[in-house]
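See below for target_25.cif, which holds mmCIF, C-alpha atoms.
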```cif
data_protein
loop_
_atom_site.label_atom_id
_atom_site.label_comp_id
_atom_site.auth_asym_id
_atom_site.auth_seq_id
_atom_site.Cartn_x
_atom_site.Cartn_y
_atom_site.Cartn_z
CA MET V 216 -69.67 -30.80 15.53
CA VAL V 217 -67.38 -30.94 12.50
CA ALA V 218 -63.70 -30.02 12.34
CA ALA V 219 -62.40 -28.85 8.97
CA LYS V 220 -59.43 -26.88 7.71
CA PRO V 221 -60.75 -23.50 6.47
CA ALA V 222 -58.37 -23.30 3.50
CA VAL V 223 -59.88 -26.43 1.94
CA THR V 224 -63.51 -25.88 2.98
CA PHE V 225 -65.92 -24.28 0.51
CA PRO V 226 -69.67 -23.77 0.06
CA LEU V 227 -71.56 -26.44 -1.85
CA PRO V 228 -72.81 -24.97 -5.16
CA SER V 229 -76.61 -24.75 -5.01
CA GLU V 230 -76.80 -26.65 -8.31
CA LEU V 231 -75.47 -29.84 -6.65
CA SER V 232 -77.12 -32.29 -4.27
CA PHE V 233 -75.44 -33.36 -1.03
CA GLU V 234 -74.54 -36.70 -2.66
CA GLN V 235 -72.96 -34.86 -5.59
CA GLY V 236 -71.19 -32.63 -3.08
CA ALA V 237 -69.61 -35.69 -1.49
CA ALA V 238 -68.29 -36.62 -4.93
CA PHE V 239 -67.21 -33.07 -5.75
CA ALA V 240 -64.22 -32.19 -3.61
CA MET V 241 -61.20 -34.40 -4.15
CA ASN V 242 -61.81 -35.75 -7.67
CA PHE V 243 -62.75 -32.43 -9.21
CA GLN V 244 -60.01 -30.52 -7.41
CA THR V 245 -57.51 -33.14 -8.60
CA VAL V 246 -58.50 -33.01 -12.27
CA HIS V 247 -58.76 -29.21 -12.31
CA PHE V 248 -55.25 -28.99 -10.83
CA ALA V 249 -54.11 -31.63 -13.34
CA LEU V 250 -55.56 -30.02 -16.45
CA VAL V 251 -54.94 -26.35 -15.64
CA ARG V 252 -51.78 -26.19 -13.53
CA ARG V 253 -49.92 -29.34 -14.55
CA GLY V 254 -51.30 -29.90 -18.06
CA ARG V 255 -51.65 -26.25 -19.18
CA LEU V 256 -54.77 -27.17 -21.13
CA ARG V 257 -55.96 -24.66 -23.71
CA ALA V 258 -59.40 -24.37 -25.28
CA GLY V 259 -59.67 -26.39 -28.48
CA GLU V 260 -57.11 -29.01 -27.45
CA HIS V 261 -57.91 -32.72 -27.53
CA VAL V 262 -57.94 -34.57 -24.20
CA LEU V 263 -57.78 -38.35 -23.80
CA VAL V 264 -59.27 -39.68 -20.54
CA HIS V 265 -58.54 -43.19 -19.29
CA GLY V 266 -60.80 -44.87 -16.74
CA ALA V 267 -63.49 -42.57 -18.04
CA ALA V 268 -66.44 -44.23 -16.30
CA GLY V 269 -64.91 -43.86 -12.83
CA GLY V 270 -64.95 -40.98 -10.38
CA VAL V 271 -61.75 -39.33 -11.60
CA GLY V 272 -62.54 -40.09 -15.24
CA THR V 273 -66.03 -38.60 -15.27
CA ALA V 274 -64.72 -35.55 -13.41
CA ALA V 275 -61.94 -35.14 -15.99
CA ILE V 276 -64.43 -35.30 -18.86
CA GLN V 277 -66.64 -32.61 -17.34
CA VAL V 278 -63.84 -30.23 -16.37
CA ALA V 279 -62.10 -30.62 -19.74
CA LYS V 280 -65.35 -29.87 -21.57
CA GLY V 281 -65.94 -26.86 -19.33
CA LEU V 282 -62.48 -25.58 -20.27
CA GLY V 283 -63.30 -25.84 -23.99
CA ALA V 284 -61.52 -29.10 -24.87
CA ILE V 285 -62.52 -31.96 -27.14
CA VAL V 286 -62.65 -35.20 -25.14
CA THR V 287 -62.11 -38.81 -26.15
CA ALA V 288 -62.91 -41.19 -23.30
CA VAL V 289 -61.62 -44.74 -22.81
CA VAL V 290 -63.86 -47.07 -20.77
CA ASP V 291 -63.27 -50.66 -19.71
CA SER V 292 -66.43 -52.25 -21.12
CA PRO V 293 -69.32 -51.65 -23.54
CA GLY V 294 -71.64 -51.43 -20.55
CA THR V 295 -69.98 -48.22 -19.32
CA VAL V 296 -69.99 -46.34 -22.64
CA ALA V 297 -73.20 -44.53 -21.65
CA VAL V 298 -71.58 -43.28 -18.41
CA ALA V 299 -68.83 -41.47 -20.32
CA GLU V 300 -71.31 -40.18 -22.89
CA THR V 301 -73.57 -38.79 -20.16
CA ALA V 302 -70.55 -37.12 -18.55
CA GLY V 303 -70.05 -35.24 -21.83
CA ALA V 304 -67.39 -37.10 -23.83
CA ASP V 305 -67.29 -36.32 -27.55
CA HIS V 306 -66.01 -39.80 -28.43
CA VAL V 307 -65.97 -43.02 -26.40
CA VAL V 308 -63.61 -45.95 -27.01
CA VAL V 309 -63.75 -49.34 -25.29
CA ALA V 310 -60.40 -50.57 -23.96
CA GLY V 311 -59.14 -53.74 -25.60
CA PRO V 312 -57.68 -54.76 -28.95
CA GLY V 313 -57.64 -51.86 -31.41
CA TRP V 314 -58.40 -49.17 -28.83
CA ALA V 315 -55.45 -47.00 -29.91
CA ASP V 316 -56.54 -47.11 -33.56
CA ALA V 317 -60.01 -46.00 -32.50
CA VAL V 318 -58.49 -43.05 -30.65
CA ARG V 319 -56.42 -42.13 -33.72
CA ALA V 320 -59.61 -42.10 -35.79
CA ALA V 321 -61.24 -39.76 -33.27
CA ALA V 322 -58.14 -37.54 -32.96
CA PRO V 323 -56.32 -37.68 -36.31
CA LYS V 324 -54.02 -34.77 -35.33
CA GLY V 325 -53.02 -36.50 -32.10
CA ILE V 326 -53.78 -36.04 -28.43
CA ASP V 327 -52.70 -32.89 -26.61
CA VAL V 328 -53.29 -33.98 -23.02
CA THR V 329 -53.88 -37.44 -21.54
CA VAL V 330 -55.51 -37.86 -18.13
CA ASP V 331 -54.30 -41.21 -16.80
CA PRO V 332 -55.49 -42.57 -13.45
CA VAL V 333 -55.02 -46.14 -14.75
CA GLY V 334 -51.39 -46.76 -15.80
CA GLY V 335 -50.55 -50.35 -16.67
CA GLU V 336 -50.51 -51.72 -20.19
CA TYR V 337 -52.16 -48.71 -21.86
CA PHE V 338 -49.39 -46.29 -20.96
CA ALA V 339 -47.03 -47.01 -23.89
CA ASP V 340 -49.72 -46.61 -26.56
CA SER V 341 -50.96 -43.45 -24.84
CA ILE V 342 -47.49 -41.93 -25.21
CA ARG V 343 -47.48 -42.83 -28.90
CA LEU V 344 -50.83 -41.10 -29.35
CA LEU V 345 -49.52 -37.74 -28.13
CA ARG V 346 -48.83 -35.06 -30.69
CA PRO V 347 -45.59 -33.04 -30.45
CA GLU V 348 -45.59 -31.01 -27.21
CA GLY V 349 -48.32 -33.23 -25.78
CA ARG V 350 -48.62 -33.85 -22.04
CA HIS V 351 -49.37 -37.16 -20.32
CA LEU V 352 -50.74 -36.59 -16.80
CA VAL V 353 -49.99 -39.39 -14.35
CA ILE V 354 -52.70 -39.40 -11.66
CA GLY V 355 -52.74 -43.01 -10.44
CA PHE V 356 -52.29 -46.68 -11.16
CA ALA V 357 -55.74 -48.27 -10.95
CA ALA V 358 -54.62 -51.07 -13.27
CA GLY V 359 -52.06 -52.10 -10.66
CA GLY V 360 -48.87 -51.82 -12.72
CA ILE V 361 -46.53 -48.83 -12.58
CA PRO V 362 -45.33 -48.34 -16.18
CA GLU V 363 -41.86 -47.38 -17.36
CA ILE V 364 -40.73 -45.43 -20.42
CA ALA V 365 -37.58 -45.03 -22.48
CA VAL V 366 -36.99 -41.30 -22.13
CA ASN V 367 -35.66 -40.97 -25.67
CA ARG V 368 -39.31 -41.16 -26.72
CA LEU V 369 -39.94 -37.94 -24.81
CA LEU V 370 -36.96 -36.26 -26.43
CA LEU V 371 -37.78 -37.25 -30.00
CA LYS V 372 -41.38 -36.03 -29.85
CA ASN V 373 -40.91 -33.10 -27.46
CA ILE V 374 -43.54 -34.53 -25.13
CA GLU V 375 -43.93 -34.54 -21.35
CA VAL V 376 -44.91 -37.08 -18.70
CA VAL V 377 -46.21 -35.00 -15.80
CA GLY V 378 -46.88 -36.12 -12.23
CA VAL V 379 -50.10 -34.98 -10.55
CA TYR V 380 -50.39 -35.21 -6.76
CA TRP V 381 -52.96 -32.68 -5.66
CA GLY V 382 -52.93 -33.71 -2.00
CA GLY V 383 -49.18 -33.28 -1.65
CA PHE V 384 -49.24 -29.94 -3.44
CA VAL V 385 -52.03 -28.54 -1.26
CA GLU V 386 -50.03 -29.39 1.85
CA ARG V 387 -47.38 -26.95 0.58
CA ASP V 388 -49.67 -24.32 -0.98
CA ASP V 389 -53.33 -24.53 -0.05
CA THR V 390 -54.24 -21.42 -2.09
CA VAL V 391 -54.52 -23.64 -5.15
CA ALA V 392 -57.61 -25.24 -3.58
CA ALA V 393 -59.46 -21.93 -3.32
CA ALA V 394 -58.65 -21.03 -6.92
CA SER V 395 -59.88 -24.41 -8.15
CA ALA V 396 -63.03 -24.23 -6.01
CA ALA V 397 -63.98 -20.87 -7.50
CA GLU V 398 -63.50 -22.13 -11.05
CA LEU V 399 -65.33 -25.41 -10.36
CA THR V 400 -68.26 -23.53 -8.85
CA ARG V 401 -68.48 -21.45 -12.01
CA LEU V 402 -68.45 -24.61 -14.13
CA ALA V 403 -71.20 -26.10 -11.96
CA ARG V 404 -73.34 -23.00 -12.41
CA GLU V 405 -72.78 -23.13 -16.16
CA GLY V 406 -73.91 -26.76 -16.26
CA PHE V 407 -70.61 -28.44 -17.10
CA VAL V 408 -69.92 -29.97 -13.69
CA ARG V 409 -72.43 -32.52 -12.39
CA PRO V 410 -70.61 -35.21 -10.37
CA VAL V 411 -71.63 -38.70 -11.49
CA VAL V 412 -72.74 -40.62 -8.40
CA GLY V 413 -72.87 -44.29 -9.26
CA HIS V 414 -73.95 -45.82 -5.95
CA VAL V 415 -74.90 -44.50 -2.52
CA PHE V 416 -74.36 -46.89 0.40
CA PRO V 417 -75.31 -46.28 4.03
CA LEU V 418 -72.25 -45.85 6.23
CA ALA V 419 -72.99 -49.20 7.88
CA ASP V 420 -72.42 -50.86 4.48
CA ALA V 421 -68.98 -49.34 3.92
CA ALA V 422 -67.48 -52.83 3.52
CA LYS V 423 -69.98 -53.59 0.74
CA ALA V 424 -69.06 -50.31 -0.96
CA LEU V 425 -65.37 -51.22 -0.90
CA GLN V 426 -66.15 -54.67 -2.26
CA ALA V 427 -68.20 -53.18 -5.10
CA ILE V 428 -65.24 -50.97 -6.02
CA GLU V 429 -62.88 -53.95 -5.85
CA ASP V 430 -65.24 -55.96 -8.08
CA ARG V 431 -65.51 -53.06 -10.56
CA ALA V 432 -69.26 -53.17 -10.10
CA THR V 433 -69.58 -49.40 -9.82
CA SER V 434 -69.36 -46.35 -12.05
CA GLY V 435 -68.80 -42.72 -11.23
CA LYS V 436 -68.20 -41.96 -7.56
CA VAL V 437 -69.28 -44.23 -4.71
CA VAL V 438 -70.76 -42.24 -1.80
CA LEU V 439 -71.36 -43.24 1.82
CA ALA V 440 -74.49 -41.66 3.33
CA VAL V 441 -74.35 -40.71 7.01
CA ALA V 442 -77.71 -40.81 8.76
CA PRO V 443 -78.73 -37.53 10.42
CA ILE V 444 -78.37 -37.36 14.20
CA GLY V 445 -81.48 -36.94 16.30
#
```

Will you turn the file into C-alpha cells for me?
Amino acid sequence: MVAAKPAVTFPLPSELSFEQGAAFAMNFQTVHFALVRRGRLRAGEHVLVHGAAGGVGTAAIQVAKGLGAIVTAVVDSPGTVAVAETAGADHVVVAGPGWADAVRAAAPKGIDVTVDPVGGEYFADSIRLLRPEGRHLVIGFAAGGIPEIAVNRLLLKNIEVVGVYWGGFVERDDTVAAASAAELTRLAREGFVRPVVGHVFPLADAAKALQAIEDRATSGKVVLAVAPIG
C-alpha cells in the first residue's frame, strides 16, 4: 500500500523507465517552476546552468532546451563534460580559472537566465555575465557558501536575483505541480526530457549512495531501488 497526495501524483510517461521516473519528479518540477514561473524564460534566450552534471543541472539543461533556449553548461571537471553534452547542452565550460571568459565567448550578448544550484564563489561572476534584464535563479548552495551581493549592481544593470523554492510554493498552491507535470510529460514525449540516472543503489546500500554523493563520485540523479515484495 502506498499513500500519496493526489495533487502531486501523476502518471509516469511511457517514454521513461521506472528509474528515470524516480529521478523525474522533484528535480524536473523544480527547474520547470524555476525557468517558467520564476525566470520567465522565452524561446531563443541564453541559459547558463551551474552544476550541470548533477541531477538539477541535467534537468535544467533538458527543460531549457525543450523550451527553445540556448544552453551553456558549467561542470566541475573535464570528466563530466560528456554528461552535460549528453543532456543536450550547446556549450560546456569546466569550472576553474577562466570559466567566465569561456562563457562570454559562448554567449557574447550575455546570459538571460542563470540556473544556480551551487552558489559559492561563482555567484559574483555569474551576476556580471547577465545581460540587462537578466535573471539569476537561486535554487541551492551545493558549494556550501551562501553568497552576498551589493544591490547597486542589480540597479545599474536592471537585473534580478530570484529565489526558487518549489516545495514551499507547492504547499501554498499545489496547482502549479499539475501544470508542470503536463508540460514535462509533453517534453518527455517530444524527446527533450530523459532524466540522467547516474547510479542505482539497492535500498540496503543507501549509506553508500549518500557517501558517493558526498564524495562527488556521481553524476545525474542517484536512485535507490526498492526490491519488489513477494

Q: Find the residues around region 362-379 of chain V up to 7 Å (all atoms listed in the file counted), leave out those fewer than 2 positions away in its own chain, and share them as a list in words.
A: Ala249, Arg253, Gly334, Gly335, Phe338, Pro347, Glu348, Gly349, Arg350, His351, Leu352, Val353, Ile354, Gly360 and Trp381 of chain V

Q: Write out as a ChimeraX atom specification the residues lying within 7 Å of region 305-320 of chain V, counting only C-alpha atoms and excluding same-chain residues fewer than 6 positions away.
A: /V:285-293,296,299,340

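One finds CA of Val223 (chain V) at 28.9 Å from CA of Ala304 (chain V).
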
Q: Could you tell me which residues the PyMOL selection byres ((chain V and resi 238-243) around 10) returns for this structure, as an MDAnalysis selection string?
A: chainID V and resid 223:225 227:228 231:237 244:249 270:275 277:278 381:382 392 395:396 399 408:413 435:439

Grab the residues selected above and save them as a short mmCIF file (atom, residue, chain, number, x, y, z; two decimals), keeping the file's coordinate frame with C-alpha atoms.
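The result, stored in out.cif:
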```
data_model
loop_
_atom_site.label_atom_id
_atom_site.label_comp_id
_atom_site.auth_asym_id
_atom_site.auth_seq_id
_atom_site.Cartn_x
_atom_site.Cartn_y
_atom_site.Cartn_z
CA VAL V 223 -59.88 -26.43 1.94
CA THR V 224 -63.51 -25.88 2.98
CA PHE V 225 -65.92 -24.28 0.51
CA LEU V 227 -71.56 -26.44 -1.85
CA PRO V 228 -72.81 -24.97 -5.16
CA LEU V 231 -75.47 -29.84 -6.65
CA SER V 232 -77.12 -32.29 -4.27
CA PHE V 233 -75.44 -33.36 -1.03
CA GLU V 234 -74.54 -36.70 -2.66
CA GLN V 235 -72.96 -34.86 -5.59
CA GLY V 236 -71.19 -32.63 -3.08
CA ALA V 237 -69.61 -35.69 -1.49
CA GLN V 244 -60.01 -30.52 -7.41
CA THR V 245 -57.51 -33.14 -8.60
CA VAL V 246 -58.50 -33.01 -12.27
CA HIS V 247 -58.76 -29.21 -12.31
CA PHE V 248 -55.25 -28.99 -10.83
CA ALA V 249 -54.11 -31.63 -13.34
CA GLY V 270 -64.95 -40.98 -10.38
CA VAL V 271 -61.75 -39.33 -11.60
CA GLY V 272 -62.54 -40.09 -15.24
CA THR V 273 -66.03 -38.60 -15.27
CA ALA V 274 -64.72 -35.55 -13.41
CA ALA V 275 -61.94 -35.14 -15.99
CA GLN V 277 -66.64 -32.61 -17.34
CA VAL V 278 -63.84 -30.23 -16.37
CA TRP V 381 -52.96 -32.68 -5.66
CA GLY V 382 -52.93 -33.71 -2.00
CA ALA V 392 -57.61 -25.24 -3.58
CA SER V 395 -59.88 -24.41 -8.15
CA ALA V 396 -63.03 -24.23 -6.01
CA LEU V 399 -65.33 -25.41 -10.36
CA VAL V 408 -69.92 -29.97 -13.69
CA ARG V 409 -72.43 -32.52 -12.39
CA PRO V 410 -70.61 -35.21 -10.37
CA VAL V 411 -71.63 -38.70 -11.49
CA VAL V 412 -72.74 -40.62 -8.40
CA GLY V 413 -72.87 -44.29 -9.26
CA GLY V 435 -68.80 -42.72 -11.23
CA LYS V 436 -68.20 -41.96 -7.56
CA VAL V 437 -69.28 -44.23 -4.71
CA VAL V 438 -70.76 -42.24 -1.80
CA LEU V 439 -71.36 -43.24 1.82
#
```

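Atom to atom, CA of Phe407 (chain V) and CA of Gly281 (chain V) stand 5.4 Å apart.
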
Q: On this file, the PyMOL selection byres ((chain V and resi 357) around 9) gives some set of residues; write that set as a ChimeraX atom specification.
A: /V:266,332-335,355-356,358-360

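CA of Ala394 (chain V) lies 10.8 Å from CA of Arg252 (chain V).
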
Q: Just the residues within 8 Å of Ala440 (chain V), please, counting all atoms listed in the file, with nothing from its chain fewer than 2 positions along; format it as a ChimeraX atom specification.
A: /V:234,415-418,438,442

Q) Using all atoms listed in the file, which of the listed residues (V:Ala403, V:Asp388, V:Lys220, V:Thr329) sits closest to His265 (chain V)? A) V:Thr329

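Using only C-alpha atoms, the smallest distance between any of V:Gly254, V:Gly383, V:Gly406, V:Gly294 and Glu230 (chain V) comes from V:Gly406.
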
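Distances here use all atoms listed in the file; by that measure, the residue among V:Ala421, V:Val330, V:Leu402, V:Ala432 closest to Thr295 (chain V) is V:Ala432.
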
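Shortest atom-to-atom contact with Val441 (chain V) among V:Glu429, V:Asp420, V:Asp327, V:Glu300: V:Asp420, counting all atoms listed in the file.
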
Could you write region 221-237 of chain V as a PDB file, in the coordinates of the input, with N, CA, C and O atoms rebuilt where they are missing?
```pdb
ATOM      1  N   PRO V 221     -60.076 -24.546   7.254  1.00  0.00           N
ATOM      2  CA  PRO V 221     -60.750 -23.500   6.470  1.00  0.00           C
ATOM      3  C   PRO V 221     -60.235 -23.356   5.050  1.00  0.00           C
ATOM      4  O   PRO V 221     -61.024 -23.098   4.126  1.00  0.00           O
ATOM      5  N   ALA V 222     -58.937 -23.534   4.827  1.00  0.00           N
ATOM      6  CA  ALA V 222     -58.370 -23.300   3.500  1.00  0.00           C
ATOM      7  C   ALA V 222     -58.856 -24.287   2.457  1.00  0.00           C
ATOM      8  O   ALA V 222     -58.757 -24.025   1.257  1.00  0.00           O
ATOM      9  N   VAL V 223     -59.378 -25.432   2.898  1.00  0.00           N
ATOM     10  CA  VAL V 223     -59.880 -26.430   1.940  1.00  0.00           C
ATOM     11  C   VAL V 223     -61.348 -26.735   2.200  1.00  0.00           C
ATOM     12  O   VAL V 223     -61.830 -27.832   1.930  1.00  0.00           O
ATOM     13  N   THR V 224     -62.081 -25.752   2.720  1.00  0.00           N
ATOM     14  CA  THR V 224     -63.510 -25.880   2.980  1.00  0.00           C
ATOM     15  C   THR V 224     -64.251 -24.799   2.203  1.00  0.00           C
ATOM     16  O   THR V 224     -63.925 -23.615   2.320  1.00  0.00           O
ATOM     17  N   PHE V 225     -65.243 -25.213   1.410  1.00  0.00           N
ATOM     18  CA  PHE V 225     -65.920 -24.280   0.510  1.00  0.00           C
ATOM     19  C   PHE V 225     -67.411 -24.560   0.479  1.00  0.00           C
ATOM     20  O   PHE V 225     -67.842 -25.687   0.724  1.00  0.00           O
ATOM     21  N   PRO V 226     -68.222 -23.548   0.157  1.00  0.00           N
ATOM     22  CA  PRO V 226     -69.670 -23.770   0.060  1.00  0.00           C
ATOM     23  C   PRO V 226     -70.006 -24.773  -1.056  1.00  0.00           C
ATOM     24  O   PRO V 226     -69.326 -24.830  -2.078  1.00  0.00           O
ATOM     25  N   LEU V 227     -71.054 -25.540  -0.824  1.00  0.00           N
ATOM     26  CA  LEU V 227     -71.560 -26.440  -1.850  1.00  0.00           C
ATOM     27  C   LEU V 227     -72.358 -25.626  -2.864  1.00  0.00           C
ATOM     28  O   LEU V 227     -73.297 -24.913  -2.488  1.00  0.00           O
ATOM     29  N   PRO V 228     -72.003 -25.686  -4.162  1.00  0.00           N
ATOM     30  CA  PRO V 228     -72.810 -24.970  -5.160  1.00  0.00           C
ATOM     31  C   PRO V 228     -74.271 -25.397  -5.086  1.00  0.00           C
ATOM     32  O   PRO V 228     -74.570 -26.586  -4.934  1.00  0.00           O
ATOM     33  N   SER V 229     -75.178 -24.455  -5.161  1.00  0.00           N
ATOM     34  CA  SER V 229     -76.610 -24.750  -5.010  1.00  0.00           C
ATOM     35  C   SER V 229     -77.121 -25.680  -6.108  1.00  0.00           C
ATOM     36  O   SER V 229     -78.171 -26.308  -5.947  1.00  0.00           O
ATOM     37  N   GLU V 230     -76.384 -25.779  -7.205  1.00  0.00           N
ATOM     38  CA  GLU V 230     -76.800 -26.650  -8.310  1.00  0.00           C
ATOM     39  C   GLU V 230     -76.580 -28.135  -8.009  1.00  0.00           C
ATOM     40  O   GLU V 230     -77.069 -28.998  -8.737  1.00  0.00           O
ATOM     41  N   LEU V 231     -75.836 -28.449  -6.943  1.00  0.00           N
ATOM     42  CA  LEU V 231     -75.470 -29.840  -6.650  1.00  0.00           C
ATOM     43  C   LEU V 231     -76.192 -30.349  -5.409  1.00  0.00           C
ATOM     44  O   LEU V 231     -76.420 -29.609  -4.449  1.00  0.00           O
ATOM     45  N   SER V 232     -76.528 -31.642  -5.432  1.00  0.00           N
ATOM     46  CA  SER V 232     -77.120 -32.290  -4.270  1.00  0.00           C
ATOM     47  C   SER V 232     -76.024 -32.587  -3.239  1.00  0.00           C
ATOM     48  O   SER V 232     -74.824 -32.486  -3.536  1.00  0.00           O
ATOM     49  N   PHE V 233     -76.435 -33.001  -2.038  1.00  0.00           N
ATOM     50  CA  PHE V 233     -75.440 -33.360  -1.030  1.00  0.00           C
ATOM     51  C   PHE V 233     -74.629 -34.582  -1.473  1.00  0.00           C
ATOM     52  O   PHE V 233     -73.425 -34.661  -1.208  1.00  0.00           O
ATOM     53  N   GLU V 234     -75.272 -35.536  -2.154  1.00  0.00           N
ATOM     54  CA  GLU V 234     -74.540 -36.700  -2.660  1.00  0.00           C
ATOM     55  C   GLU V 234     -73.515 -36.274  -3.708  1.00  0.00           C
ATOM     56  O   GLU V 234     -72.381 -36.754  -3.724  1.00  0.00           O
ATOM     57  N   GLN V 235     -73.907 -35.377  -4.601  1.00  0.00           N
ATOM     58  CA  GLN V 235     -72.960 -34.860  -5.590  1.00  0.00           C
ATOM     59  C   GLN V 235     -71.847 -34.069  -4.909  1.00  0.00           C
ATOM     60  O   GLN V 235     -70.693 -34.116  -5.328  1.00  0.00           O
ATOM     61  N   GLY V 236     -72.203 -33.368  -3.828  1.00  0.00           N
ATOM     62  CA  GLY V 236     -71.190 -32.630  -3.080  1.00  0.00           C
ATOM     63  C   GLY V 236     -70.139 -33.542  -2.495  1.00  0.00           C
ATOM     64  O   GLY V 236     -68.939 -33.209  -2.476  1.00  0.00           O
ATOM     65  N   ALA V 237     -70.559 -34.718  -2.032  1.00  0.00           N
ATOM     66  CA  ALA V 237     -69.610 -35.690  -1.490  1.00  0.00           C
ATOM     67  C   ALA V 237     -68.655 -36.186  -2.566  1.00  0.00           C
ATOM     68  O   ALA V 237     -67.523 -36.575  -2.277  1.00  0.00           O
TER      69      ALA V 237
END
```
